[in-house]
Amino acid sequence: MSNGTTDTTTRPDAPVDGTPPPLAPPLTAAQAEALARRAGLEELGVRPGLGGHLREIWSYRHLVWHLSTAQAWAANANNHLGQLWAVINPLLLVGSYYLIFGLLLKTRGGTENYIAFLTIGIFVFGYSSSAIIAGSRAVVGQIGLVRALRFPRAVLPISVTLTQLLVTMPAFAVLLVLIPLTGEPFSFHWLLFPVSLLLQTLINLGLAFFLARVVNAARDAANLVPVGVRLARYVSGVFFSIPHYAGHGLVSALLLYQPLAVSMTTAREALMDQYALTWGSWVAAGLWGVGLCTAGLVFFWRGEGRYGSS
C-alpha cells in the first residue's frame with residue numbers, strides 16, 4: 001500500500017546507477033530470415049518458383065475477373081452508342097473490305113461464300129489484333145499499379161486478354177446471326193466454334209506474355225507492335241484464300257499454319273459448309289495455343305522481378 005514515500009524497491013533488470021539497460025544483441029541474417037518466413041513475409045525482388053507462381057495467379061482470379069469486366073465496360077462507355085461500337089466497328093470493316101478487296105481487287109477466288117469468309121476473317125482477326133496490341137502494353141500501361149502493389153504480374157496480360165475477349169463477345173454473337181443470313185446452313189460443326197475461340201484466346205495470351213515483357217524492357221517496341229499486326233493482317237488470309245493465291249507449297253503452308261491464320265481457318269471450318277474439318281488445322285491451333293501460352297508464361301515469369309523497376 002502506498003504511504004506517500006518513494007518506493008526504492010528495484011526490479012532485477014533495472015539500472016542501479018541511472019544508465020540504460022543493455023540492448024539485446026542484433027539478429028543474425030539467418031535468424032532474421034527465419035523470423036520473416038515464420039511471419040509469412042517474402043524477400044523483395046526474388047522471383048517465386050513457377051509452381052508457386054501459378055498457385056499465386058490462381059489466388060488472384062477474382063482480381064483478374066473484376067479488372068477485366070470493368071475495363072471491358074469502360075472500353076466504349078464514353079461513346080454515345082456505348083457497347084454497340086463493339087459490333088459496329090467490325091461491320092464497317094466488313095463493308096469497306098468487301099468494297100475494296102471483293103469488288104475492286106476481286107480477291108474472291110477460291111471462296112464460294114465470300115461474304116461469310118470475309119466476315120469470319122475480320123471478326124476473328126480483329127479479336128487477335130486488339131488482344132495483341134493491348135497485351136503488349138499490359139505492364140507499362142499499368143505501371144502505377146505495378147509499383148504500388150504486390151501481386152503476380154502475369155495477372156495483367158491475363159486480364160487484358162480476357163478484357164478483349166469480353167469486348168469482342170457481342171461481335172461474335174452477331175457473327176453467329178450473320179453467317180446463316182449469307183446462306184450457310186447450320187450444322188453440328190458450329191459447336192466447335194467455342195473450341196476454336198478458346199484456342200485463339202490461348203494464342204493471344206501467349207503472344208501477350210511475350211510482348212508485355214519485351215515492351216517493358218524496351219518501351220519503343222510498343223510502336224512496332226501495331227506495324228507487325230498490320231503486316232500480319234495482309235498475309236494471314238483475312239480477305240483472300242491462301243491456298244488459292246499462294247498455291248500448296250512451302251510458302252503456302254507457312255502462311256496457312258502460322259498462329260493468326262490458323263485461328264481463322266478453324267473458325268471457318270466450324271462455321272462454313274465449304275470448309276471440311278481437317279485434323280491438321282485443329283492440331284496446329286492446339287499446339288500453337290498450348291505452346292505459346294506455356295512458353296510465354298515462363299518467359300514472362302523469368303522477368304517477374306524487373307517489372308516496374310525502371
# chains A, B, ... in the order shown; residues from 1 in each chain; ligands from 1
$ closest_atom_pairs --of "segment 156-215 of chain A" --to "segment 128-141 of chain A" --cutoff "8 Å" --atoms "only C-alpha atoms" --output "JSON lines"
{"residue": "A:Leu156", "atom": "CA", "partner": "A:Ala138", "partner_atom": "CA", "distance": 5.5}
{"residue": "A:Pro157", "atom": "CA", "partner": "A:Ala138", "partner_atom": "CA", "distance": 5.3}
{"residue": "A:Val160", "atom": "CA", "partner": "A:Gly135", "partner_atom": "CA", "distance": 5.8}
{"residue": "A:Thr161", "atom": "CA", "partner": "A:Ala131", "partner_atom": "CA", "distance": 5.4}
{"residue": "A:Gln164", "atom": "CA", "partner": "A:Ala131", "partner_atom": "CA", "distance": 5.6}
{"residue": "A:Leu165", "atom": "CA", "partner": "A:Ala131", "partner_atom": "CA", "distance": 7.8}
{"residue": "A:Gln200", "atom": "CA", "partner": "A:Ser128", "partner_atom": "CA", "distance": 7.6}
{"residue": "A:Thr201", "atom": "CA", "partner": "A:Ser128", "partner_atom": "CA", "distance": 7.9}
{"residue": "A:Asn204", "atom": "CA", "partner": "A:Ser128", "partner_atom": "CA", "distance": 6.0}
{"residue": "A:Leu205", "atom": "CA", "partner": "A:Gly135", "partner_atom": "CA", "distance": 7.7}
{"residue": "A:Leu207", "atom": "CA", "partner": "A:Ile132", "partner_atom": "CA", "distance": 6.5}
{"residue": "A:Ala208", "atom": "CA", "partner": "A:Gly135", "partner_atom": "CA", "distance": 4.4}
{"residue": "A:Phe209", "atom": "CA", "partner": "A:Gly135", "partner_atom": "CA", "distance": 7.3}
{"residue": "A:Phe210", "atom": "CA", "partner": "A:Ser136", "partner_atom": "CA", "distance": 7.9}
{"residue": "A:Leu211", "atom": "CA", "partner": "A:Ser136", "partner_atom": "CA", "distance": 4.7}
{"residue": "A:Ala212", "atom": "CA", "partner": "A:Ser136", "partner_atom": "CA", "distance": 4.2}
{"residue": "A:Arg213", "atom": "CA", "partner": "A:Val139", "partner_atom": "CA", "distance": 7.7}
{"residue": "A:Val214", "atom": "CA", "partner": "A:Ser136", "partner_atom": "CA", "distance": 7.9}
{"residue": "A:Val215", "atom": "CA", "partner": "A:Ser136", "partner_atom": "CA", "distance": 6.3}
$ residues_around --residues "Arg108 of chain A" --least-positions-apart "5" --cutoff "10 Å" --atoms "only C-alpha atoms" --output "list in words"
Tyr98, Phe101, Gly102, Leu103, Asn113, Tyr114, Ile115, Phe117, Leu118, Phe239, Phe240, Ser241 and His244 of chain A
$ write_last_selection --atoms "N, CA, C and O atoms" --output "PDB file, in the first residue's frame"
ATOM      1  N   TYR A  98     -15.038  -5.515 -98.216  1.00  0.00           N
ATOM      2  CA  TYR A  98     -15.757  -6.137 -99.334  1.00  0.00           C
ATOM      3  C   TYR A  98     -15.722  -5.233-100.559  1.00  0.00           C
ATOM      4  O   TYR A  98     -15.537  -5.709-101.691  1.00  0.00           O
ATOM      5  N   PHE A 101     -11.583  -5.228-101.565  1.00  0.00           N
ATOM      6  CA  PHE A 101     -10.968  -6.486-101.970  1.00  0.00           C
ATOM      7  C   PHE A 101     -11.926  -7.403-102.726  1.00  0.00           C
ATOM      8  O   PHE A 101     -11.502  -8.142-103.619  1.00  0.00           O
ATOM      9  N   GLY A 102     -13.206  -7.357-102.377  1.00  0.00           N
ATOM     10  CA  GLY A 102     -14.151  -8.236-103.052  1.00  0.00           C
ATOM     11  C   GLY A 102     -14.595  -7.724-104.404  1.00  0.00           C
ATOM     12  O   GLY A 102     -14.688  -8.487-105.370  1.00  0.00           O
ATOM     13  N   LEU A 103     -14.862  -6.405-104.508  1.00  0.00           N
ATOM     14  CA  LEU A 103     -15.386  -5.837-105.747  1.00  0.00           C
ATOM     15  C   LEU A 103     -14.303  -5.208-106.617  1.00  0.00           C
ATOM     16  O   LEU A 103     -14.256  -5.435-107.830  1.00  0.00           O
ATOM     17  N   ASN A 113     -18.625 -18.588-100.729  1.00  0.00           N
ATOM     18  CA  ASN A 113     -19.411 -17.610 -99.972  1.00  0.00           C
ATOM     19  C   ASN A 113     -18.438 -16.577 -99.417  1.00  0.00           C
ATOM     20  O   ASN A 113     -18.007 -16.663 -98.268  1.00  0.00           O
ATOM     21  N   TYR A 114     -18.104 -15.606-100.263  1.00  0.00           N
ATOM     22  CA  TYR A 114     -17.050 -14.670 -99.887  1.00  0.00           C
ATOM     23  C   TYR A 114     -17.458 -13.784 -98.716  1.00  0.00           C
ATOM     24  O   TYR A 114     -16.617 -13.413 -97.892  1.00  0.00           O
ATOM     25  N   ILE A 115     -18.735 -13.428 -98.630  1.00  0.00           N
ATOM     26  CA  ILE A 115     -19.165 -12.557 -97.527  1.00  0.00           C
ATOM     27  C   ILE A 115     -18.967 -13.255 -96.189  1.00  0.00           C
ATOM     28  O   ILE A 115     -18.455 -12.668 -95.225  1.00  0.00           O
ATOM     29  N   PHE A 117     -16.866 -15.752 -95.619  1.00  0.00           N
ATOM     30  CA  PHE A 117     -15.420 -15.905 -95.499  1.00  0.00           C
ATOM     31  C   PHE A 117     -14.793 -14.632 -94.957  1.00  0.00           C
ATOM     32  O   PHE A 117     -13.986 -14.658 -94.013  1.00  0.00           O
ATOM     33  N   LEU A 118     -15.150 -13.487 -95.544  1.00  0.00           N
ATOM     34  CA  LEU A 118     -14.578 -12.207 -95.139  1.00  0.00           C
ATOM     35  C   LEU A 118     -15.032 -11.816 -93.737  1.00  0.00           C
ATOM     36  O   LEU A 118     -14.231 -11.321 -92.927  1.00  0.00           O
ATOM     37  N   PHE A 239      -8.795 -11.650 -96.052  1.00  0.00           N
ATOM     38  CA  PHE A 239      -9.692 -11.322 -97.155  1.00  0.00           C
ATOM     39  C   PHE A 239      -9.360 -12.066 -98.448  1.00  0.00           C
ATOM     40  O   PHE A 239      -9.864 -11.723 -99.512  1.00  0.00           O
ATOM     41  N   PHE A 240      -8.515 -13.090 -98.367  1.00  0.00           N
ATOM     42  CA  PHE A 240      -8.240 -13.912 -99.541  1.00  0.00           C
ATOM     43  C   PHE A 240      -7.902 -15.322 -99.096  1.00  0.00           C
ATOM     44  O   PHE A 240      -7.452 -15.562 -97.960  1.00  0.00           O
ATOM     45  N   SER A 241      -8.121 -16.269 -99.997  1.00  0.00           N
ATOM     46  CA  SER A 241      -7.821 -17.670 -99.712  1.00  0.00           C
ATOM     47  C   SER A 241      -6.339 -17.921 -99.953  1.00  0.00           C
ATOM     48  O   SER A 241      -5.841 -17.768-101.078  1.00  0.00           O
ATOM     49  N   HIS A 244      -5.478 -20.660-102.595  1.00  0.00           N
ATOM     50  CA  HIS A 244      -5.832 -20.268-103.970  1.00  0.00           C
ATOM     51  C   HIS A 244      -4.783 -19.347-104.572  1.00  0.00           C
ATOM     52  O   HIS A 244      -4.441 -19.474-105.752  1.00  0.00           O
TER      53      HIS A 244
END
$ residues_around --residues "Pro185 of chain A" --least-positions-apart "5" --cutoff "8 Å" --atoms "only C-alpha atoms" --output "list of chain:residue names"
A:Pro180, A:Met272, A:Asp273
$ write_last_selection --atoms "N, CA, C and O atoms" --output "mmCIF file, in the first residue's frame"
data_model
loop_
_atom_site.group_PDB
_atom_site.id
_atom_site.type_symbol
_atom_site.label_atom_id
_atom_site.label_comp_id
_atom_site.auth_asym_id
_atom_site.auth_seq_id
_atom_site.Cartn_x
_atom_site.Cartn_y
_atom_site.Cartn_z
ATOM 1 N N PRO A 180 -25.733 -17.438 -91.035
ATOM 2 C CA PRO A 180 -26.865 -18.064 -91.736
ATOM 3 C C PRO A 180 -27.505 -17.136 -92.773
ATOM 4 O O PRO A 180 -28.026 -17.618 -93.793
ATOM 5 N N MET A 272 -18.459 -22.677 -91.799
ATOM 6 C CA MET A 272 -18.741 -22.650 -93.234
ATOM 7 C C MET A 272 -18.792 -24.068 -93.802
ATOM 8 O O MET A 272 -17.921 -24.885 -93.537
ATOM 9 N N ASP A 273 -19.812 -24.323 -94.608
ATOM 10 C CA ASP A 273 -20.014 -25.644 -95.185
ATOM 11 C C ASP A 273 -18.945 -25.969 -96.227
ATOM 12 O O ASP A 273 -18.638 -27.142 -96.458
#
$ residues_around --residues "Leu192 of chain A" --least-positions-apart "4" --cutoff "12 Å" --atoms "only C-alpha atoms" --output "JSON, numbers by chain"
{"A": [187, 188, 196, 197, 198, 199, 266, 267, 268, 269, 270, 271, 272, 277, 282]}
$ closest_residue --among "A:Val251, A:His189, A:Ile100, A:Tyr127" --to "Thr278 of chain A" --atoms "only C-alpha atoms"
A:His189
$ atom_distance --atom1 "atom CA of Ile242 of chain A" --atom2 "atom CA of Met169 of chain A"
26.7 Å
$ closest_residue --among "A:Trp58, A:Phe172, A:Tyr275, A:Tyr245" --to "Phe125 of chain A" --atoms "only C-alpha atoms"
A:Phe172
$ atom_distance --atom1 "atom CA of Trp279 of chain A" --atom2 "atom CA of Ala232 of chain A"
23.8 Å
$ atom_distance --atom1 "atom CA of Trp73 of chain A" --atom2 "atom CA of Leu292 of chain A"
28.0 Å
$ residues_around --residues "segment 49-56 of chain A" --least-positions-apart "3" --cutoff "9 Å" --atoms "only C-alpha atoms" --output "PyMOL selection string"
chain A and resi 59-60+151-152+154+298+301-302
$ residues_around --residues "Ala285 of chain A" --least-positions-apart "6" --cutoff "7 Å" --atoms "only C-alpha atoms" --output "ChimeraX atom specification"
/A:199,259,262-263
